[in-house]
Amino acid sequence: MSKTNDSLTGVINLGNLDSKPSIDAKRKAKRKMYDKLFYRFCQGTIFFALVTLVVLVVHILMSGLSWISLDFFTNFTSRFAERAGIKAAIFGSLWVLFLTASFAIPLGVSAAIFLEEYAPKKLWVQWVQINIGNLAGMPSIVYGLVGLAVFVRYFNFERSLLAGSLTLTLLILPIIIISSQEAIKAVPLSLREAAYALGANKWQVVFLQVLPAALPGILTGVILSISRAIGETAPLIVIGALSFVAFTPTNIWDEFTVLPIQIYNWASKPQAEFHELAAAAIIILLVLLFAMNFLAIYLRQKYQRYKL
Amino acid sequence: MSASLSENKEVILETKDLNVFYGEKQAIHSISMQVKKGTVAALIGPSGCGKSTFLRSLNRMNDFVASAKVNGDVFYKGQNLYSKKADPVEIRSQIGMVFQKPNPFPKSIYKNIIWGPKINGFTGDMDLLVEKSLKRAALWGEVKDRLHDSAFDLSGGQQQRLCIARTIAMNPDVILMDEPCSALDPRSTQAIEDLISELKRRYTIIIVTHNMQQAGRISDETYFFHEGHLIESGDTKMIFTKPSVQMTEDYITGRFG
């Protein structure tokens, strides 16, 4: 190690200023060891996560892949494993996806805009903010109970797609609000000032500068929370989504099932073939989730063309 | 007071007993000053003396600082900017601002220029406006072949000239500049200083600078601030050669600051 490096990285012995600064060798070795240890620890954690994922995916692929065929997509579920398919579940999941997105995105993003840009810095706003945080951590089954009481019973939506989508909207709303708020917060003050200094009013600053700049972050949060919604089972079971559906929904008042419920249903059957069917359905759900995450990454890249 | 303003056509911006508070702390103490049309006014003083705060109260940019409170009057062409009838959005479209750090929009060079005029309802020839604004900001030659590239591809000095061009595109009467060269290298600083001398034929410029040589080179009038007070103001040559207050002389000769 060179002389300059020593004096920068080590403990300098100030006892004798005339001689070359000397280093406490033991301490130096210890620091080096900690550095290495931490690196190994971080490496280990990522390795653990990856191995778990690979084991899961391989296991599911091995048991489910052979069941995936065109019939698997075009058949409804059946008492006989070889005739069972996920047509109803796929259609149900797509309906839920689009309905939930069209309720949750405008509501969530607007609420985030209000909280970040318009809400006064008052006590009640802080109180609302804290509660949104709490809601984001609420077990999903609680939303199922709320949905059952409010949408299914009180509004008489019954076990419809509408009731299910509204319940999932409640579930992901806090996540969308919080992630959109973070994205809006990250827009630098200098950008707003630049817009105001050109005679823009608040509406123009928010909609023409702040929102476009925050869009990549908002989109990421939105897509991740919708991925969560289509993977949810518990709240939909509580509101009474069906597990044996031999039709595709045609409007928002129809009864429905979704992929996770179909998986749950098949997995809880005694016959081994149904467990493999469940694995096949999981593969489809995973593909859907991966596709949505890729969409999130793609959109973020696309709109970050002009970096801030 | 506005009556005396209309008699004196030279004065475009005037403050009367202007005080600015940040919460309990008073940042600006009762400042009264006048800026004449078509001049470059430099606000100098040690850091923390309130010159930026003062500048931002001239086009109501302090509105966005939650704790800032302004009392007193600012008259722009005889109209009180702090009266209830005054519209801060309208004011800012006539009194533009260039900031310390270049802050172009995350858009193309072209769109940076037309954004302000567009949102204010300008419907004329956009291409012409872009060319004119960039030429006045001495940037046209460097960017004319890449108007649709991102503004972030430009160097810091070019970005700052783009911000000036964007301000010019609004055709303001007054341009406020808050240490526009402090984030730039000497060559870009030179370019902006040359530009300011050129711009004062059309616009009134009020510039905050911590660089006394810069104030001496480019301004017609100099205002010396210290701890929120306006200590001395007047013709730049006078201030730099024969200041009447000892503190001004101490600051200019580098004895503190």
# chains A, B, ... in the order shown; residues from 1 in each chain; ligands from 1
>>> residues_around(residues="range 95-112 of chain B", least_positions_apart="3", cutoff="8 Å", atoms="only C-alpha atoms", output="ChimeraX atom specification")
/A:190-191,194,197-198,209,213,306-308 /B:59,91-92,115-116,130,146-152,156,159-160,162-164,166-168,170,172-183
>>> select_by_dssp(residues="range 40-215 of chain B", states="helix (DSSP H, G or I)", output="VMD selection string")
chain B and resid 51 to 56 61 to 64 88 to 94 109 to 119 126 to 136 140 to 143 151 to 153 156 to 168 186 to 199 212 to 215
>>> write_last_selection(atoms="C-alpha atoms", output="PDB file, in the first residue's frame")
ATOM      1  CA  LYS B  51     -31.092  39.721  -1.080  1.00  0.00           C
ATOM      2  CA  SER B  52     -32.655  36.561  -2.522  1.00  0.00           C
ATOM      3  CA  THR B  53     -35.648  36.855  -0.214  1.00  0.00           C
ATOM      4  CA  PHE B  54     -36.074  40.430  -1.334  1.00  0.00           C
ATOM      5  CA  LEU B  55     -35.809  39.474  -5.004  1.00  0.00           C
ATOM      6  CA  ARG B  56     -38.421  36.747  -4.639  1.00  0.00           C
ATOM      7  CA  MET B  61     -42.402  33.849  -5.547  1.00  0.00           C
ATOM      8  CA  ASN B  62     -42.326  34.020  -1.741  1.00  0.00           C
ATOM      9  CA  ASP B  63     -45.970  32.951  -1.849  1.00  0.00           C
ATOM     10  CA  PHE B  64     -44.740  29.358  -2.053  1.00  0.00           C
ATOM     11  CA  PRO B  88     -49.786  36.737  -8.759  1.00  0.00           C
ATOM     12  CA  VAL B  89     -50.069  34.531 -11.854  1.00  0.00           C
ATOM     13  CA  GLU B  90     -50.478  37.587 -14.075  1.00  0.00           C
ATOM     14  CA  ILE B  91     -47.619  39.352 -12.276  1.00  0.00           C
ATOM     15  CA  ARG B  92     -45.231  36.482 -12.872  1.00  0.00           C
ATOM     16  CA  SER B  93     -45.998  36.453 -16.559  1.00  0.00           C
ATOM     17  CA  GLN B  94     -44.691  40.035 -16.702  1.00  0.00           C
ATOM     18  CA  ILE B 109     -35.294  22.616 -25.991  1.00  0.00           C
ATOM     19  CA  TYR B 110     -38.138  23.692 -28.262  1.00  0.00           C
ATOM     20  CA  LYS B 111     -40.852  22.770 -25.780  1.00  0.00           C
ATOM     21  CA  ASN B 112     -38.995  24.515 -22.971  1.00  0.00           C
ATOM     22  CA  ILE B 113     -39.296  27.794 -24.859  1.00  0.00           C
ATOM     23  CA  ILE B 114     -42.922  27.516 -25.924  1.00  0.00           C
ATOM     24  CA  TRP B 115     -44.276  26.179 -22.620  1.00  0.00           C
ATOM     25  CA  GLY B 116     -44.797  29.560 -20.951  1.00  0.00           C
ATOM     26  CA  PRO B 117     -46.350  31.333 -23.964  1.00  0.00           C
ATOM     27  CA  LYS B 118     -48.543  28.308 -24.712  1.00  0.00           C
ATOM     28  CA  ILE B 119     -50.111  28.072 -21.269  1.00  0.00           C
ATOM     29  CA  MET B 126     -44.121  29.133 -32.371  1.00  0.00           C
ATOM     30  CA  ASP B 127     -41.089  28.461 -34.594  1.00  0.00           C
ATOM     31  CA  LEU B 128     -40.462  32.169 -34.917  1.00  0.00           C
ATOM     32  CA  LEU B 129     -40.853  32.678 -31.174  1.00  0.00           C
ATOM     33  CA  VAL B 130     -38.367  29.901 -30.443  1.00  0.00           C
ATOM     34  CA  GLU B 131     -35.833  31.293 -32.885  1.00  0.00           C
ATOM     35  CA  LYS B 132     -36.204  34.860 -31.608  1.00  0.00           C
ATOM     36  CA  SER B 133     -35.959  33.882 -27.962  1.00  0.00           C
ATOM     37  CA  LEU B 134     -32.937  31.660 -28.487  1.00  0.00           C
ATOM     38  CA  LYS B 135     -31.214  34.342 -30.544  1.00  0.00           C
ATOM     39  CA  ARG B 136     -31.766  36.928 -27.841  1.00  0.00           C
ATOM     40  CA  TRP B 140     -29.456  29.877 -31.212  1.00  0.00           C
ATOM     41  CA  GLY B 141     -26.178  29.082 -32.963  1.00  0.00           C
ATOM     42  CA  GLU B 142     -25.383  26.263 -30.560  1.00  0.00           C
ATOM     43  CA  VAL B 143     -28.758  24.526 -30.596  1.00  0.00           C
ATOM     44  CA  ALA B 151     -32.776  20.220 -22.600  1.00  0.00           C
ATOM     45  CA  PHE B 152     -30.786  18.020 -20.237  1.00  0.00           C
ATOM     46  CA  ASP B 153     -28.297  17.248 -22.993  1.00  0.00           C
ATOM     47  CA  GLY B 156     -24.898  23.878 -17.419  1.00  0.00           C
ATOM     48  CA  GLY B 157     -24.160  27.227 -19.020  1.00  0.00           C
ATOM     49  CA  GLN B 158     -26.321  26.426 -22.033  1.00  0.00           C
ATOM     50  CA  GLN B 159     -29.133  25.280 -19.745  1.00  0.00           C
ATOM     51  CA  GLN B 160     -28.994  28.576 -17.902  1.00  0.00           C
ATOM     52  CA  ARG B 161     -29.172  30.488 -21.203  1.00  0.00           C
ATOM     53  CA  LEU B 162     -32.105  28.264 -22.169  1.00  0.00           C
ATOM     54  CA  CYS B 163     -33.810  29.306 -18.927  1.00  0.00           C
ATOM     55  CA  ILE B 164     -33.178  32.928 -19.857  1.00  0.00           C
ATOM     56  CA  ALA B 165     -34.538  32.286 -23.367  1.00  0.00           C
ATOM     57  CA  ARG B 166     -37.618  30.663 -21.834  1.00  0.00           C
ATOM     58  CA  THR B 167     -38.133  33.757 -19.692  1.00  0.00           C
ATOM     59  CA  ILE B 168     -37.625  36.059 -22.673  1.00  0.00           C
ATOM     60  CA  PRO B 186     -16.035  31.148 -15.751  1.00  0.00           C
ATOM     61  CA  ARG B 187     -16.605  30.821 -19.488  1.00  0.00           C
ATOM     62  CA  SER B 188     -20.368  30.309 -19.132  1.00  0.00           C
ATOM     63  CA  THR B 189     -20.423  33.147 -16.618  1.00  0.00           C
ATOM     64  CA  GLN B 190     -18.782  35.376 -19.205  1.00  0.00           C
ATOM     65  CA  ALA B 191     -21.419  34.388 -21.767  1.00  0.00           C
ATOM     66  CA  ILE B 192     -24.258  35.217 -19.384  1.00  0.00           C
ATOM     67  CA  GLU B 193     -22.701  38.536 -18.391  1.00  0.00           C
ATOM     68  CA  ASP B 194     -22.371  39.536 -22.039  1.00  0.00           C
ATOM     69  CA  LEU B 195     -25.963  38.491 -22.523  1.00  0.00           C
ATOM     70  CA  ILE B 196     -27.190  40.617 -19.625  1.00  0.00           C
ATOM     71  CA  SER B 197     -25.520  43.734 -21.041  1.00  0.00           C
ATOM     72  CA  GLU B 198     -27.256  42.982 -24.334  1.00  0.00           C
ATOM     73  CA  LEU B 199     -30.639  42.276 -22.757  1.00  0.00           C
ATOM     74  CA  MET B 212     -18.789  42.006  -6.545  1.00  0.00           C
ATOM     75  CA  GLN B 213     -16.698  42.137  -9.687  1.00  0.00           C
ATOM     76  CA  GLN B 214     -19.719  40.896 -11.576  1.00  0.00           C
ATOM     77  CA  ALA B 215     -21.924  43.589 -10.056  1.00  0.00           C
TER      78      ALA B 215
END
>>> residues_around(residues="range 283-298 of chain A", least_positions_apart="3", cutoff="6 Å", atoms="only C-alpha atoms", output="PyMOL selection string")
chain A and resi 220+227+280+301
>>> select_by_dssp(residues="range 5-211 of chain B", states="strand (DSSP E or B)", output="ChimeraX atom specification")
/B:11-22,25-36,40-44,68-76,79-80,95-98,108,150,174-178,204-208
>>> residues_around(residues="range 70-75 of chain A", least_positions_apart="5", cutoff="7 Å", atoms="only C-alpha atoms", output="list in words")
Arg83, Ala84, Gly85, Ile86 and Lys87 of chain A
>>> closest_atom_pairs(of="range 145-230 of chain B", to="range 17-28 of chain B", cutoff="8 Å", atoms="only C-alpha atoms", output="CSV")
residue,atom,partner,partner_atom,distance
B:Glu227,CA,B:Ala27,CA,7.4
B:Gly228,CA,B:Ile28,CA,4.2
B:His229,CA,B:Ile28,CA,6.3
>>> write_last_selection(atoms="all heavy atoms", output="short mmCIF file (atom, residue, chain, number, x, y, z; two decimals), in the first residue's frame")
data_model
loop_
_atom_site.label_atom_id
_atom_site.label_comp_id
_atom_site.auth_asym_id
_atom_site.auth_seq_id
_atom_site.Cartn_x
_atom_site.Cartn_y
_atom_site.Cartn_z
N GLU B 227 -27.77 42.05 6.58
CA GLU B 227 -28.69 41.57 7.61
C GLU B 227 -30.11 42.08 7.44
O GLU B 227 -30.75 42.51 8.40
CB GLU B 227 -28.14 41.90 9.00
CG GLU B 227 -26.93 41.04 9.32
CD GLU B 227 -26.31 41.35 10.68
OE1 GLU B 227 -26.76 42.31 11.32
OE2 GLU B 227 -25.41 40.61 11.06
N GLY B 228 -30.58 42.04 6.22
CA GLY B 228 -31.97 42.40 5.96
C GLY B 228 -32.22 43.89 5.79
O GLY B 228 -33.35 44.32 5.59
N HIS B 229 -31.17 44.70 5.93
CA HIS B 229 -31.33 46.15 5.73
C HIS B 229 -30.67 46.55 4.42
O HIS B 229 -29.65 46.00 4.04
CB HIS B 229 -30.68 46.93 6.88
CG HIS B 229 -31.31 46.66 8.21
ND1 HIS B 229 -32.39 47.37 8.67
CD2 HIS B 229 -31.01 45.76 9.18
CE1 HIS B 229 -32.74 46.92 9.86
NE2 HIS B 229 -31.91 45.93 10.19
#
>>> residues_around(residues="Ile239 in chain B", least_positions_apart="2", cutoff="12 Å", atoms="only C-alpha atoms", output="ChimeraX atom specification")
/B:42-44,212,215-216,219-224,231-237,241-253
>>> decode(residues="range 241-254 of chain B", atoms="N, CA, C and O atoms", output="compact mmCIF listing (two decimals), in the first residue's frame")
# COMPACT_ATOMS: atom_id res chain seq x y z
N THR B 241 -16.59 53.26 -6.15
CA THR B 241 -15.43 54.14 -5.97
C THR B 241 -15.54 55.00 -4.73
O THR B 241 -14.58 55.16 -3.99
N LYS B 242 -16.72 55.57 -4.52
CA LYS B 242 -16.85 56.46 -3.36
C LYS B 242 -18.08 56.12 -2.53
O LYS B 242 -19.04 56.90 -2.49
N PRO B 243 -18.13 54.94 -1.91
CA PRO B 243 -19.30 54.62 -1.10
C PRO B 243 -19.38 55.58 0.09
O PRO B 243 -18.36 56.01 0.61
N SER B 244 -20.60 55.93 0.47
CA SER B 244 -20.74 56.92 1.53
C SER B 244 -20.82 56.26 2.90
O SER B 244 -20.67 56.92 3.91
N VAL B 245 -21.08 54.95 2.93
CA VAL B 245 -21.16 54.27 4.22
C VAL B 245 -19.92 53.41 4.41
O VAL B 245 -19.48 52.73 3.47
N GLN B 246 -19.38 53.44 5.60
CA GLN B 246 -18.14 52.69 5.88
C GLN B 246 -18.33 51.19 5.62
O GLN B 246 -17.47 50.53 5.05
N MET B 247 -19.52 50.66 6.02
CA MET B 247 -19.77 49.22 5.89
C MET B 247 -19.72 48.79 4.43
O MET B 247 -19.20 47.72 4.09
N THR B 248 -20.28 49.61 3.56
CA THR B 248 -20.26 49.30 2.13
C THR B 248 -18.81 49.19 1.65
O THR B 248 -18.43 48.26 0.95
N GLU B 249 -18.01 50.16 2.07
CA GLU B 249 -16.63 50.17 1.64
C GLU B 249 -15.90 48.92 2.16
O GLU B 249 -15.16 48.28 1.43
N ASP B 250 -16.18 48.58 3.41
CA ASP B 250 -15.55 47.40 3.99
C ASP B 250 -15.91 46.15 3.20
O ASP B 250 -15.08 45.28 2.95
N TYR B 251 -17.17 46.06 2.79
CA TYR B 251 -17.61 44.88 2.05
C TYR B 251 -16.98 44.84 0.67
O TYR B 251 -16.45 43.81 0.22
N ILE B 252 -17.01 45.97 0.00
CA ILE B 252 -16.51 46.01 -1.37
C ILE B 252 -15.01 45.78 -1.43
O ILE B 252 -14.50 45.12 -2.34
N THR B 253 -14.31 46.26 -0.42
CA THR B 253 -12.87 46.05 -0.43
C THR B 253 -12.50 44.70 0.15
O THR B 253 -11.34 44.37 0.27
N GLY B 254 -13.51 43.91 0.52
CA GLY B 254 -13.24 42.54 0.93
C GLY B 254 -12.86 42.39 2.38
O GLY B 254 -12.29 41.40 2.78
